[in-house]
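Data block for final39.txt (compact mmCIF, C-alpha atoms and all ligand atoms):
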# COMPACT_ATOMS: atom_id res chain seq x y z
CA MET L 626 5.99 13.12 17.26
CA LYS L 627 5.86 14.52 13.73
CA ILE L 628 4.09 11.96 11.56
CA GLY L 629 3.37 11.85 7.83
CA ILE L 630 0.15 10.00 6.91
CA VAL L 631 -0.38 8.75 3.36
CA CYS L 632 -3.83 7.44 2.41
CA TYR L 633 -6.63 7.50 -0.15
CA PRO L 634 -8.63 10.66 0.52
CA THR L 635 -11.92 9.06 -0.51
CA PHE L 636 -14.95 7.74 1.40
CA GLY L 637 -13.37 4.22 1.62
CA GLY L 638 -12.66 2.62 4.98
CA SER L 639 -8.87 2.88 4.80
CA GLY L 640 -9.02 6.62 4.13
CA VAL L 641 -11.49 7.11 6.97
CA VAL L 642 -9.32 5.16 9.43
CA ALA L 643 -6.18 7.05 8.35
CA THR L 644 -7.89 10.44 8.64
CA GLU L 645 -9.51 9.72 12.02
CA LEU L 646 -6.17 8.40 13.28
CA GLY L 647 -4.42 11.61 12.22
CA ILE L 648 -7.12 13.77 13.78
CA GLY L 649 -6.95 11.76 17.02
CA LEU L 650 -3.16 12.02 17.17
CA ALA L 651 -3.29 15.77 16.48
CA ARG L 652 -5.70 16.17 19.42
CA LEU L 653 -3.09 14.51 21.62
CA GLY L 654 -0.53 17.11 20.53
CA HIS L 655 1.28 15.25 17.74
CA GLU L 656 2.03 17.10 14.50
CA ILE L 657 0.32 15.33 11.60
CA HIS L 658 1.10 15.85 7.92
CA PHE L 659 -1.35 14.30 5.43
CA ILE L 660 0.16 13.58 2.04
CA THR L 661 -2.51 12.77 -0.59
CA TYR L 662 -3.76 13.89 -4.01
CA ARG L 663 -6.89 15.49 -2.50
CA GLN L 664 -7.98 16.84 0.88
CA PRO L 665 -9.27 13.78 2.82
CA THR L 666 -13.07 13.80 3.15
CA ARG L 667 -13.16 14.18 6.93
CA LEU L 668 -10.33 16.76 7.06
CA ASP L 669 -12.51 19.80 6.51
CA PHE L 670 -11.67 21.98 9.55
CA PHE L 671 -8.71 23.88 11.00
CA SER L 672 -6.42 22.45 13.68
CA GLU L 673 -3.01 23.86 14.51
CA ASN L 674 -1.48 20.37 14.52
CA LEU L 675 -2.88 19.24 11.17
CA TYR L 676 -1.18 19.89 7.82
CA TYR L 677 -2.12 18.86 4.32
CA HIS L 678 0.35 18.45 1.43
CA GLU L 679 -1.19 17.88 -1.97
CA VAL L 680 0.55 15.53 -4.38
CA ASP L 681 0.80 17.32 -7.69
CA ILE L 682 0.71 14.80 -10.54
CA LYS L 683 2.01 16.57 -13.63
CA SER L 684 0.73 15.45 -16.99
CA TYR L 685 2.77 15.23 -20.18
CA PRO L 686 1.55 14.27 -23.68
CA LEU L 687 3.76 11.18 -23.60
CA PHE L 688 2.04 9.80 -20.48
CA GLU L 689 -1.03 7.73 -21.12
CA HIS L 690 -1.20 7.20 -17.34
CA ARG L 691 0.11 9.81 -14.96
CA PRO L 692 2.87 8.41 -12.69
CA TYR L 693 1.19 9.00 -9.32
CA GLU L 694 3.60 6.80 -7.41
CA LEU L 695 6.62 8.87 -8.49
CA ALA L 696 4.94 12.17 -7.67
CA LEU L 697 3.92 10.74 -4.28
CA ALA L 698 7.45 9.48 -3.50
CA SER L 699 8.89 12.89 -4.41
CA LYS L 700 6.33 14.63 -2.20
CA MET L 701 7.14 12.30 0.70
CA VAL L 702 10.85 13.13 0.31
CA SER L 703 10.24 16.86 0.50
CA VAL L 704 7.75 16.70 3.40
CA VAL L 705 10.01 14.41 5.46
CA LYS L 706 13.01 16.66 4.77
CA TYR L 707 11.48 20.10 5.23
CA GLU L 708 9.01 19.27 8.02
CA ASN L 709 11.52 17.08 9.90
CA LEU L 710 9.18 14.11 10.20
CA ASP L 711 9.90 11.31 12.67
CA LEU L 712 7.91 8.63 10.85
CA LEU L 713 5.81 7.92 7.75
CA HIS L 714 2.62 5.89 8.18
CA VAL L 715 1.20 4.65 4.88
CA HIS L 716 -2.30 3.18 4.62
CA TYR L 717 -3.07 0.58 1.93
CA ALA L 718 -0.15 -1.26 0.39
CA ILE L 719 -0.73 -0.22 -3.23
CA PRO L 720 0.98 2.04 -4.21
CA HIS L 721 1.65 3.77 -0.90
CA ALA L 722 4.05 1.22 0.61
CA SER L 723 6.19 0.95 -2.53
CA ALA L 724 6.28 4.75 -2.96
CA ALA L 725 7.37 5.03 0.69
CA PHE L 726 10.17 2.54 0.05
CA MET L 727 11.44 4.68 -2.81
CA ALA L 728 11.22 7.86 -0.68
CA LYS L 729 13.10 6.10 2.12
CA GLN L 730 15.95 5.11 -0.23
CA ILE L 731 16.23 8.64 -1.65
CA LEU L 732 16.32 10.14 1.84
CA LYS L 733 19.00 7.65 2.88
CA THR L 734 21.34 9.07 0.21
CA GLU L 735 20.93 12.42 1.97
CA GLY L 736 21.73 10.95 5.39
CA ILE L 737 18.10 10.92 6.59
CA GLU L 738 16.70 7.72 8.10
CA ILE L 739 12.87 7.75 8.03
CA PRO L 740 11.00 4.83 9.64
CA VAL L 741 8.02 3.60 7.57
CA VAL L 742 4.94 1.85 9.00
CA THR L 743 2.53 0.21 6.52
CA THR L 744 -1.05 -0.61 7.49
CA LEU L 745 -2.79 -3.31 5.47
CA HIS L 746 -6.52 -2.67 5.17
CA GLY L 747 -8.00 -5.54 3.20
CA THR L 748 -8.49 -5.38 -0.54
CA ASP L 749 -4.84 -4.33 -0.89
CA ILE L 750 -4.17 -7.96 0.17
CA THR L 751 -7.31 -10.02 -0.44
CA LEU L 752 -8.20 -8.72 -3.91
CA VAL L 753 -5.79 -6.37 -5.68
CA GLY L 754 -2.59 -7.35 -3.91
CA LYS L 755 -2.83 -11.04 -4.82
CA ASP L 756 -3.11 -10.26 -8.51
CA PRO L 757 0.12 -11.34 -10.28
CA SER L 758 0.45 -7.84 -11.74
CA TYR L 759 1.02 -6.42 -8.24
CA GLU L 760 2.03 -9.36 -6.02
CA PRO L 761 5.87 -9.03 -6.24
CA VAL L 762 5.73 -5.32 -5.39
CA VAL L 763 3.30 -5.88 -2.51
CA THR L 764 5.49 -8.63 -1.03
CA PHE L 765 8.63 -6.53 -1.39
CA SER L 766 7.05 -3.41 0.10
CA ILE L 767 5.68 -5.29 3.13
CA ASN L 768 9.04 -6.98 3.77
CA ASN L 769 10.85 -3.66 3.46
CA SER L 770 8.57 -1.61 5.71
CA ASP L 771 10.02 -1.00 9.18
CA GLY L 772 6.69 -1.86 10.78
CA VAL L 773 3.54 -3.53 9.43
CA THR L 774 0.06 -3.59 10.94
CA ALA L 775 -3.14 -5.33 9.83
CA VAL L 776 -6.66 -4.38 10.88
CA SER L 777 -7.64 -7.91 11.96
CA GLU L 778 -6.12 -11.25 12.86
CA ASP L 779 -7.78 -12.75 9.80
CA LEU L 780 -6.06 -10.24 7.51
CA ARG L 781 -2.73 -10.94 9.21
CA GLN L 782 -3.17 -14.68 8.62
CA GLU L 783 -4.27 -14.17 5.02
CA THR L 784 -1.22 -11.99 4.32
CA LEU L 785 1.12 -14.61 5.76
CA GLU L 786 -0.60 -17.39 3.79
CA HIS L 787 -0.56 -15.72 0.39
CA PHE L 788 2.66 -13.71 0.38
CA ASP L 789 6.21 -14.70 1.21
CA ILE L 790 6.49 -12.47 4.29
CA ASN L 791 9.51 -12.33 6.59
CA LYS L 792 8.21 -9.50 8.80
CA ALA L 793 6.14 -9.61 11.96
CA ILE L 794 2.68 -8.14 11.43
CA LYS L 795 0.98 -6.48 14.37
CA VAL L 796 -2.81 -6.49 14.57
CA ILE L 797 -4.30 -3.11 15.47
CA PRO L 798 -8.05 -3.16 14.81
CA ASN L 799 -10.20 -0.40 13.35
CA PHE L 800 -11.61 2.03 15.89
CA ILE L 801 -14.50 4.42 16.36
CA ASP L 802 -14.98 7.86 17.85
CA LEU L 803 -17.93 7.34 20.18
CA ASN L 804 -18.37 11.09 20.55
CA ARG L 805 -19.43 11.21 16.91
CA PHE L 806 -20.95 7.76 16.41
CA LYS L 807 -23.65 7.55 19.05
CA LYS L 808 -27.39 7.21 18.97
CA GLN L 809 -28.88 10.63 18.34
CA ARG L 810 -32.47 11.69 18.93
CA LYS L 811 -33.78 11.75 15.36
CA GLU L 812 -37.34 10.50 15.88
CA HIS L 813 -38.63 12.85 13.15
CA PHE L 814 -36.43 10.95 10.62
CA LYS L 815 -37.85 7.65 11.78
CA MET L 816 -41.40 9.01 11.52
CA ALA L 817 -40.74 10.21 7.98
CA ILE L 818 -39.22 6.93 6.80
CA CYS L 819 -41.34 4.51 8.83
CA PRO L 820 -44.68 6.31 9.35
CA ASN L 821 -46.46 3.12 10.42
CA GLY L 822 -43.88 1.93 12.92
CA GLU L 823 -42.04 -0.31 10.43
CA LYS L 824 -38.65 -1.73 11.38
CA LEU L 825 -35.73 -0.05 9.63
CA MET L 826 -32.97 -2.11 8.03
CA VAL L 827 -29.83 -0.43 6.68
CA HIS L 828 -26.72 -1.14 4.62
CA THR L 829 -23.80 1.18 3.90
CA SER L 830 -20.99 0.40 1.45
CA ASN L 831 -19.22 1.40 -1.73
CA PHE L 832 -21.57 -0.85 -3.75
CA ARG L 833 -18.85 -3.08 -5.14
CA LYS L 834 -19.51 -6.73 -6.05
CA VAL L 835 -17.57 -7.85 -2.98
CA LYS L 836 -20.27 -6.27 -0.74
CA ARG L 837 -23.04 -8.54 -2.13
CA VAL L 838 -25.67 -5.78 -2.03
CA GLU L 839 -28.00 -8.17 -3.85
CA ASP L 840 -28.09 -10.34 -0.70
CA VAL L 841 -29.08 -7.26 1.30
CA ILE L 842 -32.08 -6.66 -0.94
CA ARG L 843 -33.09 -10.33 -1.04
CA VAL L 844 -32.88 -10.67 2.75
CA PHE L 845 -34.94 -7.51 3.19
CA TYR L 846 -37.51 -8.71 0.63
CA GLU L 847 -38.05 -11.97 2.55
CA VAL L 848 -38.10 -10.33 6.00
CA ARG L 849 -40.67 -7.80 4.81
CA LYS L 850 -43.08 -10.66 4.10
CA SER L 851 -43.47 -11.29 7.83
CA ILE L 852 -42.35 -8.01 9.45
CA PRO L 853 -43.37 -4.55 8.17
CA ALA L 854 -40.00 -3.02 7.29
CA LYS L 855 -38.14 -0.44 5.22
CA LEU L 856 -34.60 -0.56 3.82
CA LEU L 857 -32.12 2.30 3.49
CA LEU L 858 -29.09 1.86 1.24
CA VAL L 859 -26.29 4.35 1.86
CA GLY L 860 -23.35 4.77 -0.53
CA ASP L 861 -22.77 4.51 -4.22
CA GLY L 862 -20.75 2.45 -6.66
CA PRO L 863 -20.88 0.10 -9.65
CA GLU L 864 -23.64 -2.11 -8.21
CA ARG L 865 -26.13 0.68 -7.64
CA ASP L 866 -27.81 0.57 -11.05
CA PRO L 867 -28.31 -3.23 -11.10
CA MET L 868 -29.64 -3.02 -7.54
CA GLU L 869 -32.18 -0.35 -8.45
CA ARG L 870 -33.31 -2.64 -11.30
CA LEU L 871 -33.61 -5.57 -8.88
CA CYS L 872 -35.83 -3.52 -6.56
CA ARG L 873 -38.09 -2.70 -9.51
CA GLU L 874 -38.27 -6.35 -10.56
CA LEU L 875 -39.20 -7.38 -7.03
CA GLY L 876 -41.77 -4.58 -6.77
CA ALA L 877 -40.04 -3.38 -3.59
CA CYS L 878 -39.26 0.22 -4.65
CA ASP L 879 -41.77 1.78 -2.23
CA ASP L 880 -39.95 0.30 0.73
CA VAL L 881 -36.33 0.70 -0.40
CA ARG L 882 -34.51 4.04 -0.54
CA PHE L 883 -31.12 4.66 -2.12
CA LEU L 884 -29.56 7.59 -0.29
CA GLY L 885 -26.22 7.85 -2.13
CA LYS L 886 -23.06 9.01 -0.38
CA LEU L 887 -24.00 10.56 2.96
CA GLU L 888 -21.47 12.31 5.15
CA ALA L 889 -23.66 12.20 8.31
CA VAL L 890 -24.25 8.44 8.21
CA GLU L 891 -24.61 8.39 12.01
CA GLU L 892 -27.95 10.20 11.67
CA VAL L 893 -29.35 7.35 9.58
CA LEU L 894 -27.82 4.73 11.85
CA SER L 895 -29.41 6.44 14.87
CA VAL L 896 -32.90 5.47 13.68
CA SER L 897 -32.03 2.02 12.30
CA ASP L 898 -32.92 -1.35 13.83
CA LEU L 899 -30.69 -3.75 11.91
CA PHE L 900 -27.51 -3.44 9.85
CA LEU L 901 -26.77 -5.91 7.03
CA MET L 902 -23.21 -6.76 5.96
CA PRO L 903 -23.28 -9.92 3.79
CA SER L 904 -19.82 -9.26 2.21
CA GLU L 905 -17.86 -11.83 0.24
CA LYS L 906 -14.64 -10.43 1.73
CA GLU L 907 -14.24 -7.98 4.60
CA SER L 908 -11.02 -7.58 6.54
CA PHE L 909 -12.68 -5.83 9.50
CA GLY L 910 -16.02 -4.18 8.68
CA LEU L 911 -15.71 -0.58 9.87
CA ALA L 912 -19.24 0.17 8.61
CA ALA L 913 -20.63 -2.49 10.97
CA LEU L 914 -18.69 -0.98 13.89
CA GLU L 915 -20.19 2.44 13.09
CA ALA L 916 -23.65 0.85 13.19
CA MET L 917 -22.95 -0.93 16.49
CA ALA L 918 -21.77 2.32 18.07
CA CYS L 919 -25.22 3.73 17.21
CA GLU L 920 -26.84 0.71 18.94
CA VAL L 921 -27.67 -1.18 15.76
CA PRO L 922 -27.23 -4.99 15.80
CA VAL L 923 -25.63 -6.65 12.78
CA ILE L 924 -26.48 -9.56 10.50
CA SER L 925 -23.23 -10.34 8.74
CA SER L 926 -21.48 -12.96 6.72
CA ASN L 927 -18.57 -14.85 8.24
CA ALA L 928 -16.11 -13.33 5.76
CA GLY L 929 -12.61 -12.31 6.82
CA GLY L 930 -12.35 -10.45 10.11
CA ILE L 931 -16.07 -9.73 10.62
CA PRO L 932 -16.46 -12.46 13.29
CA GLU L 933 -13.72 -10.69 15.29
CA LEU L 934 -16.17 -7.79 15.61
CA ASN L 935 -19.73 -9.15 15.38
CA VAL L 936 -20.23 -11.62 18.22
CA ASP L 937 -22.55 -14.39 17.00
CA GLY L 938 -25.79 -14.52 19.01
CA LYS L 939 -24.89 -11.42 21.05
CA THR L 940 -24.34 -8.31 18.93
CA GLY L 941 -26.11 -9.91 15.96
CA PHE L 942 -25.53 -13.10 13.99
CA VAL L 943 -22.76 -14.37 11.73
CA CYS L 944 -23.94 -16.45 8.74
CA GLU L 945 -22.23 -18.27 5.86
CA VAL L 946 -21.53 -16.02 2.86
CA GLY L 947 -24.60 -16.21 0.57
CA ASP L 948 -26.87 -18.06 3.04
CA ILE L 949 -29.86 -15.80 2.57
CA GLU L 950 -32.31 -18.16 4.27
CA ASP L 951 -30.25 -18.13 7.47
CA MET L 952 -29.85 -14.34 7.33
CA VAL L 953 -33.64 -13.96 6.97
CA LYS L 954 -34.38 -16.28 9.90
CA LYS L 955 -31.88 -14.51 12.13
CA SER L 956 -33.00 -11.02 11.08
CA GLU L 957 -36.54 -11.94 12.08
CA TYR L 958 -35.28 -13.20 15.43
CA ILE L 959 -33.40 -9.96 16.18
CA LEU L 960 -36.27 -7.74 15.05
CA ALA L 961 -38.74 -9.44 17.41
CA GLU L 962 -39.78 -6.94 20.12
CA GLU L 963 -38.62 -9.23 22.94
CA ASN L 964 -35.08 -9.56 21.46
CA LEU L 965 -34.24 -6.23 19.86
CA PRO L 966 -33.40 -4.21 23.03
CA ARG L 967 -30.91 -6.87 24.20
CA PHE L 968 -29.11 -7.00 20.84
CA LYS L 969 -28.95 -3.19 20.67
CA MET L 970 -27.42 -2.99 24.15
CA ASN L 971 -24.85 -5.69 23.33
CA ALA L 972 -23.93 -3.97 20.05
CA LEU L 973 -23.10 -0.74 21.88
CA ALA L 974 -21.15 -2.54 24.61
CA ARG L 975 -19.02 -4.30 21.97
CA ALA L 976 -18.43 -1.04 20.04
CA LYS L 977 -17.05 0.53 23.22
CA GLU L 978 -14.18 -2.00 23.12
CA PHE L 979 -13.05 -0.35 19.86
CA ASP L 980 -13.25 3.23 21.08
CA ILE L 981 -10.48 5.44 19.68
CA THR L 982 -9.16 5.99 23.20
CA GLN L 983 -8.40 2.24 23.44
CA ILE L 984 -6.76 1.89 20.02
CA LEU L 985 -4.76 5.13 19.60
CA PRO L 986 -2.25 4.25 22.36
CA GLN L 987 -1.51 1.00 20.47
CA TYR L 988 -0.47 2.97 17.38
CA ILE L 989 1.60 5.42 19.43
CA ALA L 990 3.45 2.59 21.21
CA TYR L 991 4.05 0.87 17.87
CA TYR L 992 5.43 4.10 16.32
CA GLN L 993 7.83 4.52 19.24
CA GLU L 994 8.95 0.89 19.04
CA THR L 995 9.52 1.19 15.27
CA ILE L 996 11.46 4.46 15.56
CA GLU L 997 13.67 2.99 18.30
CA SER L 998 14.45 -0.16 16.31
CA VAL L 999 15.27 1.82 13.14
CA MET L 1000 17.51 4.25 15.03
CA ALA L 1001 19.26 1.40 16.83
CA LYS L 1002 20.21 -0.09 13.44
CA ALA L 1003 21.25 3.23 11.85
O1 LIG L 1101 -14.54 -1.90 2.00
C1 LIG L 1101 -13.97 -1.37 1.05
O2 LIG L 1101 -14.10 -1.76 -0.10
C2 LIG L 1101 -13.08 -0.19 1.31
C3 LIG L 1101 -11.81 -0.65 1.93
C4 LIG L 1101 -10.75 0.43 1.92
O3 LIG L 1101 -9.61 0.06 1.96
O4 LIG L 1101 -11.01 1.61 1.88
O5 LIG L 1101 -12.10 -1.10 3.27
C5 LIG L 1101 -11.19 -1.97 3.87
O6 LIG L 1101 -10.57 -1.27 4.94
C6 LIG L 1101 -11.44 -0.92 6.04
C7 LIG L 1101 -10.64 -0.11 7.05
O7 LIG L 1101 -9.55 -0.81 7.55
C8 LIG L 1101 -12.03 -2.21 6.65
O8 LIG L 1101 -12.86 -1.91 7.74
C9 LIG L 1101 -12.82 -2.94 5.55
O9 LIG L 1101 -13.31 -4.16 6.09
C10 LIG L 1101 -11.93 -3.23 4.36
N1 LIG L 1101 -12.74 -3.77 3.26
C11 LIG L 1101 -12.56 -5.02 2.77
O10 LIG L 1101 -11.76 -5.81 3.23
C12 LIG L 1101 -13.44 -5.39 1.62

Before we go any further, please render this structure as structure tokens.
Amino acid sequence: MKIGIVCYPTFGGSGVVATELGIGLARLGHEIHFITYRQPTRLDFFSENLYYHEVDIKSYPLFEHRPYELALASKMVSVVKYENLDLLHVHYAIPHASAAFMAKQILKTEGIEIPVVTTLHGTDITLVGKDPSYEPVVTFSINNSDGVTAVSEDLRQETLEHFDINKAIKVIPNFIDLNRFKKQRKEHFKMAICPNGEKLMVHTSNFRKVKRVEDVIRVFYEVRKSIPAKLLLVGDGPERDPMERLCRELGACDDVRFLGKLEAVEEVLSVSDLFLMPSEKESFGLAALEAMACEVPVISSNAGGIPELNVDGKTGFVCEVGDIEDMVKKSEYILAEENLPRFKMNALARAKEFDITQILPQYIAYYQETIESVMAKA
């Protein structure tokens, strides 16, 4: 198949999933055309089946805000037309699904029928999408996509509850490439960070309020009172400054390290003992899956789709959002020498269920089904 993929090219989960999906499909022989405003972060190598089309957003003195959605729709039209695409797969509803709808209508006037699949990732529904300034467009774009997928059952339910949807939504979970995310031998890292055999706790995110990084630091601070431990914080975002201040106030700076945005996050995960994800909202929790693939158990909140991944009492524990006391108690339980190996083993076994080789065929089957149903109606 020839597939156009539209996504955010940033570090965020939806962009990572879209890019890894495209790379995986290209490996299977499909021709993949990425359409974004910047080269996606993980698309930094040559493959004969991978193409990148940059959306050029022209400025004009009259524009206070540059009309990205229009430039994107125009780019989709030309790529579909000149590259003979079979399908467009857009990741994140805003503004990709509505731009795809416009491109589809334009192409129709030229006698071209292009099937559009929209994948809902989370905040496009749970946060931004619900806002009255976007809600009508999000509802319309979902209802007018030819196929819609959500990354968890919880996100599917939430979409149906909060929007007036008349389309079936198929759940296809996030996935992981176990060839990349696996425990690597990085003992020298561990020695450098934990010279006295301390346990290593880790959190990775975009440091937005919704991630509750403060809970991560407070849980760590309490655990450290009974178990010698260090904390690594990977990523960057609006909460980083306040969190650095909190560490200073708590006098915990010597044991907490802010690493910023790291490309090779699997190297850090390889030496970690416990991953913390106390999010307020989380449609799936790709970062937790990456940790589990590197044999790191997870203490998480029960937000959104996380319980569909983190199996309570097996791969880690699932706690109420904001219940720091419970998270501390359960972190201490996991970190106990007699429990840790079992949780690590279970985390890896669970991650294997989300291996890319299990999930990719679900997307391919869904593409074929969508193309057939669109062509049958044409
Ligand atoms: O977590 C974020 O804030 C980034 C966001 C995104 O769209 O880039 O991630 C969402 O999509 C990921 C991939 O499908 C999911 O694994 C994350 O759980 C989801 N984040 C939220 O729902 C907050």

Sel. within 7 Å of pt (-37.1, -0.5, 13.6), counting only C-alpha atoms, output as JSON, numbers by chain: {"L": [823, 824, 825, 897, 898]}

Take the residues from that selection and write them out as a PDB file, keeping the file's coordinate frame, keeping C-alpha atoms.
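Output (selection.pdb):
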ATOM      1  CA  GLU L 823     -42.040  -0.310  10.430  1.00  0.00           C
ATOM      2  CA  LYS L 824     -38.650  -1.730  11.380  1.00  0.00           C
ATOM      3  CA  LEU L 825     -35.730  -0.050   9.630  1.00  0.00           C
ATOM      4  CA  SER L 897     -32.030   2.020  12.300  1.00  0.00           C
ATOM      5  CA  ASP L 898     -32.920  -1.350  13.830  1.00  0.00           C
TER       6      ASP L 898
END

Residues at most 12 Å from Ser703 in chain L, counting all atoms listed in the file, excluding those fewer than 2 positions away in the same chain, as a PyMOL selection string? chain L and resi 629+658+660+678-680+696-701+705-710+728-729+731-732+735+737

Selection above as a file: C-alpha atoms, as a PDB file, in the frame of the given file:
ATOM      1  CA  GLY L 629       3.370  11.850   7.830  1.00  0.00           C
ATOM      2  CA  HIS L 658       1.100  15.850   7.920  1.00  0.00           C
ATOM      3  CA  ILE L 660       0.160  13.580   2.040  1.00  0.00           C
ATOM      4  CA  HIS L 678       0.350  18.450   1.430  1.00  0.00           C
ATOM      5  CA  GLU L 679      -1.190  17.880  -1.970  1.00  0.00           C
ATOM      6  CA  VAL L 680       0.550  15.530  -4.380  1.00  0.00           C
ATOM      7  CA  ALA L 696       4.940  12.170  -7.670  1.00  0.00           C
ATOM      8  CA  LEU L 697       3.920  10.740  -4.280  1.00  0.00           C
ATOM      9  CA  ALA L 698       7.450   9.480  -3.500  1.00  0.00           C
ATOM     10  CA  SER L 699       8.890  12.890  -4.410  1.00  0.00           C
ATOM     11  CA  LYS L 700       6.330  14.630  -2.200  1.00  0.00           C
ATOM     12  CA  MET L 701       7.140  12.300   0.700  1.00  0.00           C
ATOM     13  CA  VAL L 705      10.010  14.410   5.460  1.00  0.00           C
ATOM     14  CA  LYS L 706      13.010  16.660   4.770  1.00  0.00           C
ATOM     15  CA  TYR L 707      11.480  20.100   5.230  1.00  0.00           C
ATOM     16  CA  GLU L 708       9.010  19.270   8.020  1.00  0.00           C
ATOM     17  CA  ASN L 709      11.520  17.080   9.900  1.00  0.00           C
ATOM     18  CA  LEU L 710       9.180  14.110  10.200  1.00  0.00           C
ATOM     19  CA  ALA L 728      11.220   7.860  -0.680  1.00  0.00           C
ATOM     20  CA  LYS L 729      13.100   6.100   2.120  1.00  0.00           C
ATOM     21  CA  ILE L 731      16.230   8.640  -1.650  1.00  0.00           C
ATOM     22  CA  LEU L 732      16.320  10.140   1.840  1.00  0.00           C
ATOM     23  CA  GLU L 735      20.930  12.420   1.970  1.00  0.00           C
ATOM     24  CA  ILE L 737      18.100  10.920   6.590  1.00  0.00           C
TER      25      ILE L 737
END

May I have the residues within 10 Å of ligand LIG 1101 (chain L), computed using only C-alpha atoms and all ligand atoms, as a ChimeraX atom specification? /L:632-643,716-718,744-752,775-777,780,797-800,829-836,904-914,928-931

Name the residues in contact with Ser895 in chain L at a cut-off of 9 Å, using only C-alpha atoms, excluding same-chain residues fewer than 6 positions from it; report them as a PyMOL selection string. chain L and resi 806-812+916+919-921

Which is closest to Leu899 in chain L among L:Val848, L:Ile739, L:Val753, L:Ala724, if we use all atoms listed in the file? L:Val848

Under the rule that only C-alpha atoms are counted, which of L:Met917, L:Ile989, L:Ile852, L:Ala1001 is the nearest residue to Gly647 in chain L? L:Ile989

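Among the candidate residues L:Ser926, L:Thr743, L:Gln993, L:Thr734, the one lying nearest to Lys795 in chain L is L:Thr743, with distances computed using all atoms listed in the file.
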
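CA of Met902 in chain L is positioned 17.0 Å from CA of Gly885 in chain L.
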
Point-to-point distance in Å for CA of Glu645 in chain L and CA of Gln983 in chain L: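 Result for CA of Gln983 in chain L versus CA of Glu645 in chain L: 13.7 Å, one decimal.
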
In Å, with one decimal, what is the gap from CA of Glu839 in chain L to CA of Cys944 in chain L?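 Calculated distance between CA of Glu839 in chain L and CA of Cys944 in chain L is 15.6 Å.
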
Using the structure block above, produce a file of range 843-872 of chain L that contains C-alpha atoms, as a compact mmCIF listing (two decimals), in the first residue's frame.
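To be explicit, this is the file written out as selection27.txt:
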# COMPACT_ATOMS: atom_id res chain seq x y z
CA ARG L 843 6.96 13.57 46.68
CA VAL L 844 6.74 9.79 46.33
CA PHE L 845 10.49 9.59 45.79
CA TYR L 846 11.15 11.86 48.79
CA GLU L 847 9.13 9.57 51.09
CA VAL L 848 10.57 6.32 49.69
CA ARG L 849 14.10 7.64 50.12
CA LYS L 850 13.48 7.91 53.87
CA SER L 851 13.43 4.12 54.17
CA ILE L 852 15.25 2.92 51.02
CA PRO L 853 18.47 4.51 49.70
CA ALA L 854 17.39 5.73 46.26
CA LYS L 855 18.02 8.16 43.41
CA LEU L 856 15.55 9.72 40.98
CA LEU L 857 16.08 10.49 37.29
CA LEU L 858 13.66 12.84 35.53
CA VAL L 859 13.75 12.63 31.74
CA GLY L 860 12.03 15.21 29.51
CA ASP L 861 11.28 18.88 29.65
CA GLY L 862 8.29 21.19 29.72
CA PRO L 863 6.45 23.89 31.67
CA GLU L 864 6.66 22.08 35.03
CA ARG L 865 10.42 21.68 35.04
CA ASP L 866 11.27 24.97 36.75
CA PRO L 867 8.73 24.58 39.59
CA MET L 868 9.92 21.00 40.07
CA GLU L 869 13.56 22.06 40.36
CA ARG L 870 12.43 24.58 43.01
CA LEU L 871 10.53 21.84 44.86
CA CYS L 872 13.63 19.64 44.96
